[in-house]
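Pasted below: query_4.txt, compact mmCIF, C-alpha atoms.
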# COMPACT_ATOMS: atom_id res chain seq x y z
CA MET A 26 14.35 120.89 -42.47
CA GLN A 27 14.73 123.53 -39.81
CA HIS A 28 13.14 121.18 -37.26
CA ILE A 29 15.76 118.53 -38.01
CA ILE A 30 18.60 121.06 -37.62
CA ASN A 31 17.12 122.29 -34.32
CA PHE A 32 16.84 118.70 -33.08
CA LEU A 33 20.50 117.95 -33.96
CA ILE A 34 21.68 121.14 -32.23
CA LYS A 35 19.56 120.48 -29.15
CA TYR A 36 20.72 116.87 -28.69
CA ARG A 37 24.21 117.18 -30.19
CA ASN A 38 25.95 116.09 -26.99
CA LEU A 39 23.76 113.00 -26.58
CA LEU A 40 24.12 112.07 -30.24
CA LEU A 41 27.90 112.52 -30.10
CA TYR A 42 28.05 110.35 -26.98
CA LEU A 43 25.99 107.59 -28.60
CA PHE A 44 28.16 107.72 -31.73
CA LEU A 45 31.42 107.52 -29.80
CA PHE A 46 29.99 104.79 -27.55
CA SER A 47 29.00 102.72 -30.60
CA VAL A 48 32.43 103.18 -32.18
CA GLY A 49 34.15 102.18 -28.94
CA LEU A 50 31.89 99.15 -28.55
CA VAL A 51 32.66 97.98 -32.08
CA PHE A 52 36.43 98.34 -31.55
CA THR A 53 36.21 96.53 -28.21
CA ILE A 54 34.30 93.59 -29.68
CA GLN A 55 36.66 93.31 -32.65
CA SER A 56 39.85 93.50 -30.59
CA HIS A 57 38.90 90.96 -27.89
CA GLU A 58 37.93 87.41 -28.82
CA TYR A 59 35.95 86.87 -25.59
CA HIS A 60 33.80 89.96 -26.19
CA ARG A 61 33.35 89.06 -29.86
CA ASN A 62 32.16 85.52 -29.04
CA SER A 63 29.86 86.79 -26.32
CA PHE A 64 28.34 89.34 -28.69
CA ILE A 65 27.79 86.75 -31.41
CA HIS A 66 26.25 84.33 -28.89
CA SER A 67 23.91 87.03 -27.53
CA THR A 68 22.78 88.22 -30.95
CA GLY A 69 22.28 84.60 -31.99
CA ASN A 70 19.97 84.03 -29.02
CA VAL A 71 17.98 87.16 -29.80
CA THR A 72 17.70 86.25 -33.48
CA GLY A 73 16.74 82.70 -32.60
CA ASN A 74 14.02 83.88 -30.22
CA ILE A 75 12.64 86.24 -32.85
CA LEU A 76 12.57 83.46 -35.45
CA GLN A 77 10.91 81.10 -32.95
CA VAL A 78 8.18 83.65 -32.24
CA ARG A 79 7.70 84.20 -35.96
CA ASN A 80 7.44 80.45 -36.60
CA ASP A 81 4.97 80.07 -33.72
CA VAL A 82 2.77 82.80 -35.20
CA TYR A 83 2.94 81.25 -38.68
CA SER A 84 2.17 77.81 -37.23
CA TYR A 85 -0.86 79.12 -35.37
CA PHE A 86 -2.40 80.69 -38.47
CA ASP A 87 -1.56 77.52 -40.45
CA LEU A 88 -3.43 75.20 -38.08
CA ASN A 89 -6.62 75.19 -40.14
CA ARG A 90 -4.78 74.06 -43.27
CA GLN A 91 -2.87 71.43 -41.31
CA ASN A 92 -6.08 70.11 -39.75
CA THR A 93 -7.63 69.80 -43.20
CA TYR A 94 -4.56 67.97 -44.47
CA LEU A 95 -4.57 65.58 -41.50
CA SER A 96 -8.29 64.86 -41.97
CA GLU A 97 -7.73 63.99 -45.61
CA GLU A 98 -4.73 61.84 -44.74
CA ASN A 99 -6.72 60.03 -42.04
CA ALA A 100 -9.49 59.43 -44.56
CA ARG A 101 -7.04 57.84 -46.99
CA LEU A 102 -5.61 55.63 -44.23
CA ARG A 103 -9.08 54.63 -43.08
CA MET A 104 -9.98 53.63 -46.64
CA ARG A 105 -7.06 51.22 -46.56
CA LEU A 106 -8.06 49.84 -43.17
CA LEU A 107 -11.56 49.16 -44.48
CA ALA A 108 -10.31 47.19 -47.46
CA VAL A 109 -11.60 43.60 -47.63
CA GLY A 110 -10.70 40.64 -49.80
CA ASP A 111 -13.96 39.92 -51.61
CA THR A 112 -16.89 42.16 -52.40
CA LEU A 113 -20.28 41.62 -53.95
CA LEU A 114 -18.98 43.01 -57.26
CA GLY A 115 -16.35 40.28 -57.34
CA ASP A 116 -13.31 42.56 -57.43
CA GLU A 117 -10.35 41.79 -55.24
CA ALA A 118 -9.57 44.70 -52.91
CA THR A 119 -6.11 46.20 -53.16
CA LEU A 120 -4.24 48.92 -51.31
CA MET A 121 -2.77 50.24 -54.55
CA PHE A 122 -5.86 51.35 -56.43
CA SER A 123 -8.80 53.21 -54.90
CA ASP A 124 -11.19 51.43 -57.31
CA GLY A 125 -10.37 48.23 -55.46
CA LEU A 126 -11.63 49.60 -52.15
CA PRO A 127 -15.26 48.83 -51.31
CA TYR A 128 -15.63 51.98 -49.23
CA LYS A 129 -14.94 55.61 -50.04
CA VAL A 130 -14.21 57.78 -47.01
CA MET A 131 -14.71 61.56 -47.07
CA PRO A 132 -13.67 63.83 -44.18
CA ALA A 133 -16.15 66.44 -42.94
CA ARG A 134 -16.68 68.81 -40.04
CA VAL A 135 -19.64 69.01 -37.70
CA VAL A 136 -21.24 72.46 -37.80
CA LYS A 137 -24.25 71.63 -35.62
CA ASN A 138 -24.89 68.81 -33.18
CA SER A 139 -27.82 68.07 -30.88
CA TYR A 140 -27.77 65.35 -28.23
CA ASP A 141 -30.30 66.38 -25.57
CA LYS A 142 -33.53 65.62 -27.46
CA LEU A 143 -35.36 62.38 -28.14
CA ASP A 144 -34.57 62.62 -31.85
CA ASN A 145 -31.23 64.27 -32.53
CA PHE A 146 -29.60 65.38 -35.77
CA ILE A 147 -26.15 66.53 -36.87
CA THR A 148 -25.22 68.97 -39.66
CA LEU A 149 -22.03 68.50 -41.70
CA ASP A 150 -20.20 71.02 -43.89
CA ILE A 151 -20.26 68.88 -47.06
CA GLY A 152 -23.17 67.99 -49.31
CA SER A 153 -24.21 66.89 -52.79
CA ASN A 154 -21.41 68.95 -54.34
CA GLU A 155 -19.06 66.39 -52.78
CA ASN A 156 -21.33 63.49 -53.86
CA ILE A 157 -22.76 63.00 -50.38
CA GLN A 158 -26.03 61.06 -50.56
CA PRO A 159 -28.69 59.83 -48.14
CA ASP A 160 -28.06 56.51 -46.36
CA MET A 161 -24.28 57.02 -46.15
CA GLY A 162 -22.75 56.17 -42.79
CA VAL A 163 -20.88 58.69 -40.64
CA ILE A 164 -18.14 57.65 -38.22
CA THR A 165 -15.17 58.97 -36.25
CA SER A 166 -12.00 57.20 -35.22
CA ASN A 167 -13.87 56.19 -32.03
CA GLY A 168 -17.01 54.68 -33.55
CA ILE A 169 -20.24 55.35 -35.40
CA VAL A 170 -22.03 58.71 -35.46
CA GLY A 171 -25.13 58.32 -37.62
CA ILE A 172 -26.60 58.06 -41.12
CA VAL A 173 -26.97 60.81 -43.71
CA ASP A 174 -30.61 61.81 -44.01
CA VAL A 175 -30.90 64.72 -46.46
CA THR A 176 -28.38 66.83 -48.37
CA SER A 177 -28.10 70.27 -49.97
CA ASP A 178 -25.33 71.51 -52.21
CA GLN A 179 -23.00 72.36 -49.32
CA PHE A 180 -24.43 70.67 -46.22
CA SER A 181 -25.79 67.34 -45.03
CA ARG A 182 -28.14 66.42 -42.22
CA VAL A 183 -27.28 63.25 -40.34
CA ILE A 184 -29.63 61.16 -38.21
CA SER A 185 -27.60 60.79 -35.03
CA VAL A 186 -27.32 57.43 -33.32
CA LEU A 187 -28.98 59.35 -30.48
CA ASN A 188 -32.32 59.22 -32.29
CA SER A 189 -35.25 57.08 -31.22
CA GLU A 190 -36.15 56.34 -34.85
CA ILE A 191 -32.84 54.69 -35.71
CA SER A 192 -32.01 50.99 -35.34
CA LEU A 193 -28.58 49.68 -36.30
CA ASN A 194 -27.27 46.19 -36.91
CA ALA A 195 -24.62 45.33 -34.33
CA GLN A 196 -23.00 42.26 -32.81
CA ILE A 197 -20.87 41.14 -29.91
CA LYS A 198 -17.23 41.03 -30.94
CA ASN A 199 -15.68 37.58 -31.53
CA THR A 200 -19.12 35.98 -31.63
CA ALA A 201 -21.91 35.52 -34.15
CA THR A 202 -24.45 37.11 -31.80
CA ILE A 203 -26.28 40.01 -33.44
CA GLY A 204 -28.92 42.46 -32.29
CA SER A 205 -30.40 45.89 -32.90
CA LEU A 206 -28.75 48.97 -31.43
CA VAL A 207 -31.30 51.57 -30.26
CA TRP A 208 -31.44 54.68 -28.06
CA ASP A 209 -34.10 55.36 -25.44
CA GLY A 210 -33.49 59.12 -25.19
CA SER A 211 -32.10 59.17 -21.66
CA ASP A 212 -28.28 59.07 -21.66
CA PRO A 213 -26.20 60.45 -24.59
CA TYR A 214 -23.31 58.19 -23.59
CA LYS A 215 -25.27 54.92 -23.73
CA MET A 216 -27.35 52.88 -26.16
CA SER A 217 -29.10 49.52 -25.89
CA LEU A 218 -28.56 46.31 -27.82
CA ILE A 219 -31.88 44.48 -28.03
CA ASP A 220 -33.24 41.29 -29.60
CA VAL A 221 -30.27 39.28 -28.36
CA PRO A 222 -31.33 35.64 -27.71
CA ARG A 223 -31.02 34.27 -24.17
CA LEU A 224 -28.66 31.50 -25.27
CA ALA A 225 -26.06 34.07 -26.33
CA THR A 226 -22.91 34.45 -24.27
CA VAL A 227 -23.02 37.97 -22.83
CA SER A 228 -20.33 39.27 -20.51
CA LYS A 229 -19.74 42.68 -18.98
CA GLY A 230 -16.82 44.35 -20.73
CA ASP A 231 -17.43 42.70 -24.12
CA THR A 232 -17.09 45.00 -27.11
CA ILE A 233 -19.98 45.75 -29.46
CA ILE A 234 -19.14 46.23 -33.15
CA THR A 235 -20.99 46.94 -36.38
CA GLY A 236 -22.51 43.79 -37.82
CA GLN A 237 -21.83 41.94 -41.05
CA GLN A 238 -25.40 42.55 -42.23
CA SER A 239 -25.09 46.33 -42.30
CA THR A 240 -24.98 47.95 -45.75
CA THR A 241 -24.39 51.40 -44.24
CA PHE A 242 -21.32 50.81 -42.08
CA PRO A 243 -18.31 48.59 -42.69
CA PRO A 244 -18.26 45.56 -40.41
CA ASP A 245 -16.18 45.35 -37.23
CA ILE A 246 -16.18 49.06 -36.34
CA GLU A 247 -16.10 49.21 -32.56
CA ILE A 248 -19.15 50.94 -31.08
CA GLY A 249 -18.95 50.52 -27.33
CA VAL A 250 -18.60 48.18 -24.38
CA ILE A 251 -21.20 46.18 -22.46
CA GLU A 252 -21.94 47.70 -19.05
CA ASP A 253 -24.91 45.61 -18.02
CA ALA A 254 -27.35 43.02 -19.37
CA GLU A 255 -30.73 41.75 -18.24
CA LEU A 256 -33.15 39.15 -19.49
CA ILE A 257 -36.56 40.49 -20.51
CA ASP A 258 -39.77 39.10 -22.03
CA ASN A 259 -39.94 36.23 -19.52
CA GLY A 260 -36.26 35.51 -19.97
CA SER A 261 -36.43 34.94 -23.73
CA ARG A 262 -33.93 37.63 -24.78
CA TYR A 263 -31.42 40.17 -23.49
CA ARG A 264 -31.48 43.91 -23.27
CA ILE A 265 -27.85 45.06 -23.08
CA ASP A 266 -26.59 48.47 -21.95
CA VAL A 267 -23.74 49.66 -24.16
CA ARG A 268 -21.46 52.56 -23.24
CA LEU A 269 -20.39 54.28 -26.44
CA PHE A 270 -16.74 54.81 -27.30
CA ASN A 271 -17.76 57.98 -29.15
CA ASP A 272 -18.49 61.08 -27.10
CA MET A 273 -21.59 62.22 -28.97
CA THR A 274 -21.64 65.49 -27.05
CA ASP A 275 -18.27 66.55 -28.45
CA LEU A 276 -17.98 65.94 -32.19
CA GLY A 277 -15.56 67.79 -34.47
CA HIS A 278 -14.13 65.98 -37.48
CA VAL A 279 -16.03 62.97 -38.86
CA TYR A 280 -15.85 60.68 -41.89
CA VAL A 281 -18.69 60.01 -44.33
CA ILE A 282 -18.57 56.48 -45.74
CA LYS A 283 -19.88 55.40 -49.10
CA ASN A 284 -20.26 51.68 -49.63
CA ARG A 285 -19.29 50.97 -53.21
CA ASP A 286 -21.59 47.95 -53.25
CA THR A 287 -24.74 49.67 -51.94
CA GLU A 288 -26.51 49.86 -55.31
CA ALA A 289 -25.64 46.24 -56.12
CA LEU A 290 -26.99 45.15 -52.74
CA LYS A 291 -30.23 47.05 -53.38
CA VAL A 292 -30.60 45.26 -56.71
CA ILE A 293 -30.10 41.90 -55.02
CA ASP A 294 -32.67 42.81 -52.35
CA THR A 295 -35.16 43.84 -55.03
CA LEU A 296 -34.70 40.58 -56.93
CA THR A 297 -35.07 38.61 -53.70
CA ASN A 298 -38.32 40.34 -52.78
CA GLU A 299 -39.95 39.74 -56.17

So that I can check it, write out the structure of this file as structure tokens.
Amino acid sequence: MQHIINFLIKYRNLLLYLFLFSVGLVFTIQSHEYHRNSFIHSTGNVTGNILQVRNDVYSYFDLNRQNTYLSEENARLRMRLLAVGDTLLGDEATLMFSDGLPYKVMPARVVKNSYDKLDNFITLDIGSNENIQPDMGVITSNGIVGIVDVTSDQFSRVISVLNSEISLNAQIKNTATIGSLVWDGSDPYKMSLIDVPRLATVSKGDTIITGQQSTTFPPDIEIGVIEDAELIDNGSRYRIDVRLFNDMTDLGHVYVIKNRDTEALKVIDTLTNE
């Protein structure tokens, strides 16, 4: 208490000046409209700037939640885009009921990605707890990424399209020409479409899409664009260089796709092979 009294005595002149200055300032602002409006405008700017800073801070720390929300919303929209009229199960697809959609799309994040080896793999942050299973396709908004290989409770390993062991059904857009999409291990931005017959119409700049015969990926997903083509095997077929739309060296959010008709297709294949 004595320290407070000593402080007041020591700085009594300064404190009295500040008090009288404050009183005078208040009377001046209240008695002159110009000063009052200027004061209100100034304090409004200060308050607005403080609120803006606060909102910016809150927005920054809310980015993770917003990204999750956007990924889920994109997944729902992509499910609608992948809807088709007829499926093997005979149900008509509808945009109103998820049971009518032949594909289920689940957002995920890439936690590990390799692209500089001959056989590359990707790790996702969802697994069997989210009903992720082997042979499910993985895509982004720019194209295909790979196929789920193995799963644990919380994670999944994906065979990247940049893997020499993978071969995907693909076709040239707006044609019936199909081939096998493979990777030779050299360039992470390019793949090759092989087994394309020489009578096919192949033009630089044509788009390559997922084929109708694929049970892993929905048809008509754009994969890349033709950069070059050459006839091989004595001119009997093409080998086509395809530049990928997806940047496989920079993957963040992806979508895991479950084909609702996969099990039915497997049954049909089994019956056919017997």

Pairwise distance for atom CA of A:Lys229 and atom CA of A:Leu143, rounded to one decimal in Å: 26.8 Å

What gap, in Å, lies between atom CA of A:Thr232 and atom CA of A:Asp209?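 Between atom CA of A:Thr232 and atom CA of A:Asp209 the gap is 20.0 Å.
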
What is the atom CA of A:Arg262-atom CA of A:Leu224 distance in Å, reported with one decimal?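 Separation between atom CA of A:Arg262 and atom CA of A:Leu224: 8.1 Å.
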
Measuring between all atoms listed in the file, which one of A:Val170, A:Ile34, A:Val175, A:Met216 shows the shortest distance to A:Asn138?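 The closest residue to A:Asn138 is A:Val170.
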
Taking 2 positions as the minimum chain separation for residues in the same chain, which residues sit within 9 Å of A:Ser211 when counting only C-alpha atoms? Answer as a list of chain:residue names. A:Asp141, A:Lys142, A:Leu143, A:Trp208, A:Asp209, A:Pro213, A:Lys215

Test item: residues at most 7 Å from A:Ile172, all atoms listed in the file, excluding those fewer than 2 positions along its chain, as a PyMOL selection string: chain A and resi 160-163+174+183-185

Of the candidates A:Val279, A:Thr241, A:Pro159, A:Gly249, which one gets nearest to A:Tyr128 if we count only C-alpha atoms? A:Thr241
